[in-house]
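Okay, structure first, notes after.
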Amino acid sequence: MKIVMLGAPGAGKGTQAKMIASKYQVPHISTGDIFRANIKNGTELGKKAKEYMDQGLLVPDELTVDLVIDRLSQDDCKKGYILDGFPRTIPQAEALDAALAKRGEKMDFAIDVDVPDENIISRMSGRRACTGCGATYHIVYNPSKKGDVCEVCGETLILRDDDKPETVQKRLAVYHDQTQPLIDYYTGQSILKTVDGTQDMNDVFAAITEILEA
Ligand code: ADP
Ligand code: ADP
Ligand code: ZN
């Protein structure tokens, strides 16, 4: 099962990807998480990526594509995977398809978690991310049972710098400009499925499960 999650920043891609990964026992591959781990570890890639992320811009394709293609060749990806936050541009999608085609494979589903811009700012300003394990919470819709520390690992929860409203506006504009065209791209491949992301997260998950098991 090979799945691409599409949707605006804050639409709930990560939340759903984690639930799918746990139910179907396939890896959840998030380019945002990979970049943040690199920033935390002070790598060269992390330093470069941070410059773009802090401004709400996309990290250039040259720094992103090979990273993901390499990751997909690891053993745990043999049964499939969920891509969260990649591809984000048409050239990334084309590079992904070319890499898959070389192995005689193709993507099975592109799931668009549809949430209007009006809902995004409150989603993002309430998001809290764990500095330890990357788990995400929401102060209203999905609070940590342990207050401002992570339920999973006990580390501190933070508001990501790029989740502040000024940067979110920029990220939304970048999304509409560079990422939304992927909806047509995957519609053209007849693998696009849209779910209403404004529902409760368990209802969104039920809609996705129905698609995957149809
Ligand atoms: P969100 O979960 O809110 O959509 P992500 O964690 O996926 O945010 O991404 C955070 C930032 O990391 C993006 O704003 C962008 O700068 C960078 N990024 C993540 N994935 C990609 C990608 N595939 N291509 C370019 N930049 C990316
Ligand atoms: P993305 O990966 O698309 O950027 P996240 O999965 O991180 O989005 O979700 C963004 C924020 O919204 C998080 O704080 C998350 O807990 C919350 N959230 C996710 N899905 C829902 C939902 N269906 N209803 C309300 N809040 C949600
Ligand atoms: Zn944690």
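So you can find residues: chains in the structure tokens are A, B, ... in the order shown, residues in each start at 1, and ligands are numbered from 1 in order.
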
Can I get the residues close to ligand 2 as a ChimeraX atom specification, where close means within 9 Å and we count only C-alpha atoms and all ligand atoms?
-> /A:5-18,30,32,84-85,113,120,122-129,135-143,196-205

Contacts of segment 174-190 of chain A at 7 Å (only C-alpha atoms; same-chain gap of 4+ positions) as JSON, numbers by chain | {"A": [8, 57, 88, 89, 90, 110, 170]}

Close residues to ligand 3 using only C-alpha atoms and all ligand atoms, limit 7 Å, as a PDB file with C-alpha atoms, in the first residue's frame:
ATOM      1  CA  CYS A 130       6.782  17.395  20.835  1.00  0.00           C
ATOM      2  CA  THR A 131      10.470  18.328  20.771  1.00  0.00           C
ATOM      3  CA  GLY A 132      11.338  14.720  21.632  1.00  0.00           C
ATOM      4  CA  CYS A 133       9.374  12.342  19.421  1.00  0.00           C
ATOM      5  CA  GLY A 134       7.519  14.585  16.957  1.00  0.00           C
ATOM      6  CA  ALA A 135       4.041  13.715  18.234  1.00  0.00           C
ATOM      7  CA  CYS A 150       4.154  14.789  25.608  1.00  0.00           C
ATOM      8  CA  GLU A 151       1.972  11.798  26.532  1.00  0.00           C
ATOM      9  CA  VAL A 152       4.337   9.486  24.675  1.00  0.00           C
ATOM     10  CA  CYS A 153       7.817  10.575  25.770  1.00  0.00           C
ATOM     11  CA  GLY A 154       7.403  13.260  28.431  1.00  0.00           C
ATOM     12  CA  GLU A 155       9.326  15.969  26.527  1.00  0.00           C
TER      13      GLU A 155
END

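Ranking A:His28, A:Arg171, A:Ala99, A:Gly80 by their shortest atom-to-atom distance to Val59 of chain A, with only C-alpha atoms included, puts A:Arg171 first.
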
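Proximity to Ser22 of chain A was assessed for A:Ile82, A:Val195, A:Ala173, A:Leu63 counting only C-alpha atoms; the smallest distance is recorded for A:Ile82.
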
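Taking only C-alpha atoms into account, Val115 of chain A lies nearest to A:Thr194 out of the set A:Gln74, A:Thr31, A:Gln92, A:Thr194.
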
From segment 73-148 of chain A, collect each residue whose DSSP state is helix (DSSP H, G or I) and return the set as an MDAnalysis selection string.
-> chainID A and resid 75:77 90:102 117:125

Output N, CA and C atoms for every residue in the selection just made, as a PDB file, in the first residue's frame.
ATOM      1  N   ASP A  75      14.521  -1.304   3.480  1.00  0.00           N
ATOM      2  CA  ASP A  75      13.759  -2.549   3.599  1.00  0.00           C
ATOM      3  C   ASP A  75      12.350  -2.394   4.147  1.00  0.00           C
ATOM      4  N   ASP A  76      12.176  -1.475   5.107  1.00  0.00           N
ATOM      5  CA  ASP A  76      10.857  -1.366   5.733  1.00  0.00           C
ATOM      6  C   ASP A  76       9.809  -0.798   4.771  1.00  0.00           C
ATOM      7  N   CYS A  77      10.240  -0.340   3.594  1.00  0.00           N
ATOM      8  CA  CYS A  77       9.279   0.224   2.632  1.00  0.00           C
ATOM      9  C   CYS A  77       8.757  -0.817   1.646  1.00  0.00           C
ATOM     10  N   ILE A  90       5.224  19.778  -8.489  1.00  0.00           N
ATOM     11  CA  ILE A  90       5.089  18.879  -9.646  1.00  0.00           C
ATOM     12  C   ILE A  90       6.430  18.182  -9.953  1.00  0.00           C
ATOM     13  N   PRO A  91       7.572  18.909  -9.971  1.00  0.00           N
ATOM     14  CA  PRO A  91       8.828  18.188 -10.219  1.00  0.00           C
ATOM     15  C   PRO A  91       9.109  17.091  -9.185  1.00  0.00           C
ATOM     16  N   GLN A  92       8.746  17.302  -7.928  1.00  0.00           N
ATOM     17  CA  GLN A  92       8.929  16.235  -6.930  1.00  0.00           C
ATOM     18  C   GLN A  92       8.060  15.029  -7.278  1.00  0.00           C
ATOM     19  N   ALA A  93       6.818  15.282  -7.700  1.00  0.00           N
ATOM     20  CA  ALA A  93       5.908  14.177  -8.044  1.00  0.00           C
ATOM     21  C   ALA A  93       6.431  13.421  -9.255  1.00  0.00           C
ATOM     22  N   GLU A  94       6.966  14.151 -10.214  1.00  0.00           N
ATOM     23  CA  GLU A  94       7.498  13.489 -11.414  1.00  0.00           C
ATOM     24  C   GLU A  94       8.732  12.660 -11.078  1.00  0.00           C
ATOM     25  N   ALA A  95       9.588  13.190 -10.193  1.00  0.00           N
ATOM     26  CA  ALA A  95      10.784  12.438  -9.787  1.00  0.00           C
ATOM     27  C   ALA A  95      10.392  11.170  -9.033  1.00  0.00           C
ATOM     28  N   LEU A  96       9.372  11.291  -8.211  1.00  0.00           N
ATOM     29  CA  LEU A  96       8.879  10.132  -7.464  1.00  0.00           C
ATOM     30  C   LEU A  96       8.344   9.075  -8.429  1.00  0.00           C
ATOM     31  N   ASP A  97       7.515   9.496  -9.374  1.00  0.00           N
ATOM     32  CA  ASP A  97       6.952   8.546 -10.342  1.00  0.00           C
ATOM     33  C   ASP A  97       8.048   7.876 -11.160  1.00  0.00           C
ATOM     34  N   ALA A  98       9.067   8.644 -11.532  1.00  0.00           N
ATOM     35  CA  ALA A  98      10.159   8.076 -12.321  1.00  0.00           C
ATOM     36  C   ALA A  98      10.915   7.025 -11.505  1.00  0.00           C
ATOM     37  N   ALA A  99      11.147   7.308 -10.223  1.00  0.00           N
ATOM     38  CA  ALA A  99      11.857   6.350  -9.366  1.00  0.00           C
ATOM     39  C   ALA A  99      11.019   5.085  -9.179  1.00  0.00           C
ATOM     40  N   LEU A 100       9.713   5.252  -9.021  1.00  0.00           N
ATOM     41  CA  LEU A 100       8.836   4.090  -8.866  1.00  0.00           C
ATOM     42  C   LEU A 100       8.816   3.271 -10.154  1.00  0.00           C
ATOM     43  N   ALA A 101       8.694   3.961 -11.281  1.00  0.00           N
ATOM     44  CA  ALA A 101       8.601   3.274 -12.576  1.00  0.00           C
ATOM     45  C   ALA A 101       9.836   2.403 -12.828  1.00  0.00           C
ATOM     46  N   LYS A 102      10.992   2.905 -12.400  1.00  0.00           N
ATOM     47  CA  LYS A 102      12.236   2.129 -12.556  1.00  0.00           C
ATOM     48  C   LYS A 102      12.149   0.778 -11.871  1.00  0.00           C
ATOM     49  N   ASP A 117      -9.068  27.392   3.902  1.00  0.00           N
ATOM     50  CA  ASP A 117      -8.079  28.284   4.524  1.00  0.00           C
ATOM     51  C   ASP A 117      -8.578  28.884   5.850  1.00  0.00           C
ATOM     52  N   GLU A 118      -9.889  29.190   5.925  1.00  0.00           N
ATOM     53  CA  GLU A 118     -10.427  29.835   7.135  1.00  0.00           C
ATOM     54  C   GLU A 118     -10.143  28.996   8.385  1.00  0.00           C
ATOM     55  N   ASN A 119     -10.144  27.666   8.244  1.00  0.00           N
ATOM     56  CA  ASN A 119      -9.953  26.801   9.418  1.00  0.00           C
ATOM     57  C   ASN A 119      -8.481  26.598   9.762  1.00  0.00           C
ATOM     58  N   ILE A 120      -7.608  26.934   8.807  1.00  0.00           N
ATOM     59  CA  ILE A 120      -6.208  26.533   8.963  1.00  0.00           C
ATOM     60  C   ILE A 120      -5.495  27.315  10.078  1.00  0.00           C
ATOM     61  N   ILE A 121      -5.736  28.626  10.133  1.00  0.00           N
ATOM     62  CA  ILE A 121      -5.003  29.438  11.112  1.00  0.00           C
ATOM     63  C   ILE A 121      -5.253  28.941  12.544  1.00  0.00           C
ATOM     64  N   SER A 122      -6.515  28.603  12.869  1.00  0.00           N
ATOM     65  CA  SER A 122      -6.783  28.153  14.244  1.00  0.00           C
ATOM     66  C   SER A 122      -6.207  26.754  14.484  1.00  0.00           C
ATOM     67  N   ARG A 123      -6.208  25.928  13.449  1.00  0.00           N
ATOM     68  CA  ARG A 123      -5.553  24.627  13.568  1.00  0.00           C
ATOM     69  C   ARG A 123      -4.080  24.785  13.922  1.00  0.00           C
ATOM     70  N   MET A 124      -3.431  25.728  13.211  1.00  0.00           N
ATOM     71  CA  MET A 124      -1.980  25.864  13.360  1.00  0.00           C
ATOM     72  C   MET A 124      -1.596  26.564  14.647  1.00  0.00           C
ATOM     73  N   SER A 125      -2.374  27.585  15.044  1.00  0.00           N
ATOM     74  CA  SER A 125      -1.980  28.317  16.254  1.00  0.00           C
ATOM     75  C   SER A 125      -2.211  27.440  17.481  1.00  0.00           C
TER      76      SER A 125
END

Apply DSSP to the backbone of this structure and, from segment 5-112 of chain A, keep only the residues in strand (DSSP E or B); write these as a ChimeraX atom specification.
-> /A:5-6,28-30,81-84,109-112

I need the residues from that last selection saved to file as a PDB file, in the first residue's frame (with N, CA, C and O atoms), if you can.
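The resulting file, again-v9.pdb, is shown below:
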ATOM      1  N   MET A   5      -0.179  11.624   1.027  1.00  0.00           N
ATOM      2  CA  MET A   5      -1.148  12.489   1.692  1.00  0.00           C
ATOM      3  C   MET A   5      -1.003  13.903   1.130  1.00  0.00           C
ATOM      4  O   MET A   5       0.092  14.468   1.148  1.00  0.00           O
ATOM      5  N   LEU A   6      -2.115  14.472   0.662  1.00  0.00           N
ATOM      6  CA  LEU A   6      -2.103  15.851   0.173  1.00  0.00           C
ATOM      7  C   LEU A   6      -2.978  16.706   1.086  1.00  0.00           C
ATOM      8  O   LEU A   6      -3.868  16.187   1.757  1.00  0.00           O
ATOM      9  N   HIS A  28       5.564   5.682   8.205  1.00  0.00           N
ATOM     10  CA  HIS A  28       5.072   7.036   7.964  1.00  0.00           C
ATOM     11  C   HIS A  28       6.296   7.887   7.670  1.00  0.00           C
ATOM     12  O   HIS A  28       7.148   8.053   8.527  1.00  0.00           O
ATOM     13  N   ILE A  29       6.381   8.388   6.448  1.00  0.00           N
ATOM     14  CA  ILE A  29       7.565   9.158   6.056  1.00  0.00           C
ATOM     15  C   ILE A  29       7.168  10.616   5.875  1.00  0.00           C
ATOM     16  O   ILE A  29       6.428  10.957   4.948  1.00  0.00           O
ATOM     17  N   SER A  30       7.633  11.456   6.791  1.00  0.00           N
ATOM     18  CA  SER A  30       7.300  12.886   6.764  1.00  0.00           C
ATOM     19  C   SER A  30       8.563  13.675   6.477  1.00  0.00           C
ATOM     20  O   SER A  30       9.513  13.641   7.264  1.00  0.00           O
ATOM     21  N   TYR A  81       4.150   2.370   2.131  1.00  0.00           N
ATOM     22  CA  TYR A  81       4.488   3.502   3.004  1.00  0.00           C
ATOM     23  C   TYR A  81       3.459   4.600   2.815  1.00  0.00           C
ATOM     24  O   TYR A  81       2.686   4.593   1.859  1.00  0.00           O
ATOM     25  N   ILE A  82       3.489   5.536   3.753  1.00  0.00           N
ATOM     26  CA  ILE A  82       2.646   6.723   3.641  1.00  0.00           C
ATOM     27  C   ILE A  82       3.554   7.936   3.570  1.00  0.00           C
ATOM     28  O   ILE A  82       4.336   8.185   4.495  1.00  0.00           O
ATOM     29  N   LEU A  83       3.461   8.654   2.484  1.00  0.00           N
ATOM     30  CA  LEU A  83       4.255   9.872   2.317  1.00  0.00           C
ATOM     31  C   LEU A  83       3.439  11.058   2.805  1.00  0.00           C
ATOM     32  O   LEU A  83       2.317  11.277   2.342  1.00  0.00           O
ATOM     33  N   ASP A  84       4.014  11.802   3.729  1.00  0.00           N
ATOM     34  CA  ASP A  84       3.313  12.940   4.348  1.00  0.00           C
ATOM     35  C   ASP A  84       4.170  14.188   4.134  1.00  0.00           C
ATOM     36  O   ASP A  84       5.247  14.302   4.693  1.00  0.00           O
ATOM     37  N   PHE A 109      -2.616   5.382  -3.938  1.00  0.00           N
ATOM     38  CA  PHE A 109      -3.624   6.382  -3.587  1.00  0.00           C
ATOM     39  C   PHE A 109      -2.975   7.730  -3.296  1.00  0.00           C
ATOM     40  O   PHE A 109      -1.910   7.784  -2.677  1.00  0.00           O
ATOM     41  N   ALA A 110      -3.637   8.807  -3.721  1.00  0.00           N
ATOM     42  CA  ALA A 110      -3.295  10.152  -3.257  1.00  0.00           C
ATOM     43  C   ALA A 110      -4.535  10.649  -2.516  1.00  0.00           C
ATOM     44  O   ALA A 110      -5.610  10.765  -3.114  1.00  0.00           O
ATOM     45  N   ILE A 111      -4.401  10.869  -1.224  1.00  0.00           N
ATOM     46  CA  ILE A 111      -5.557  11.260  -0.417  1.00  0.00           C
ATOM     47  C   ILE A 111      -5.451  12.733  -0.057  1.00  0.00           C
ATOM     48  O   ILE A 111      -4.513  13.145   0.622  1.00  0.00           O
ATOM     49  N   ASP A 112      -6.419  13.504  -0.537  1.00  0.00           N
ATOM     50  CA  ASP A 112      -6.429  14.945  -0.274  1.00  0.00           C
ATOM     51  C   ASP A 112      -7.316  15.216   0.936  1.00  0.00           C
ATOM     52  O   ASP A 112      -8.513  14.969   0.902  1.00  0.00           O
TER      53      ASP A 112
END

Point-to-point distance in Å for atom CA of Lys47 of chain A and atom CA of Asp70 of chain A =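 Spanning atom CA of Asp70 of chain A to atom CA of Lys47 of chain A is a straight-line distance of 20.1 Å.
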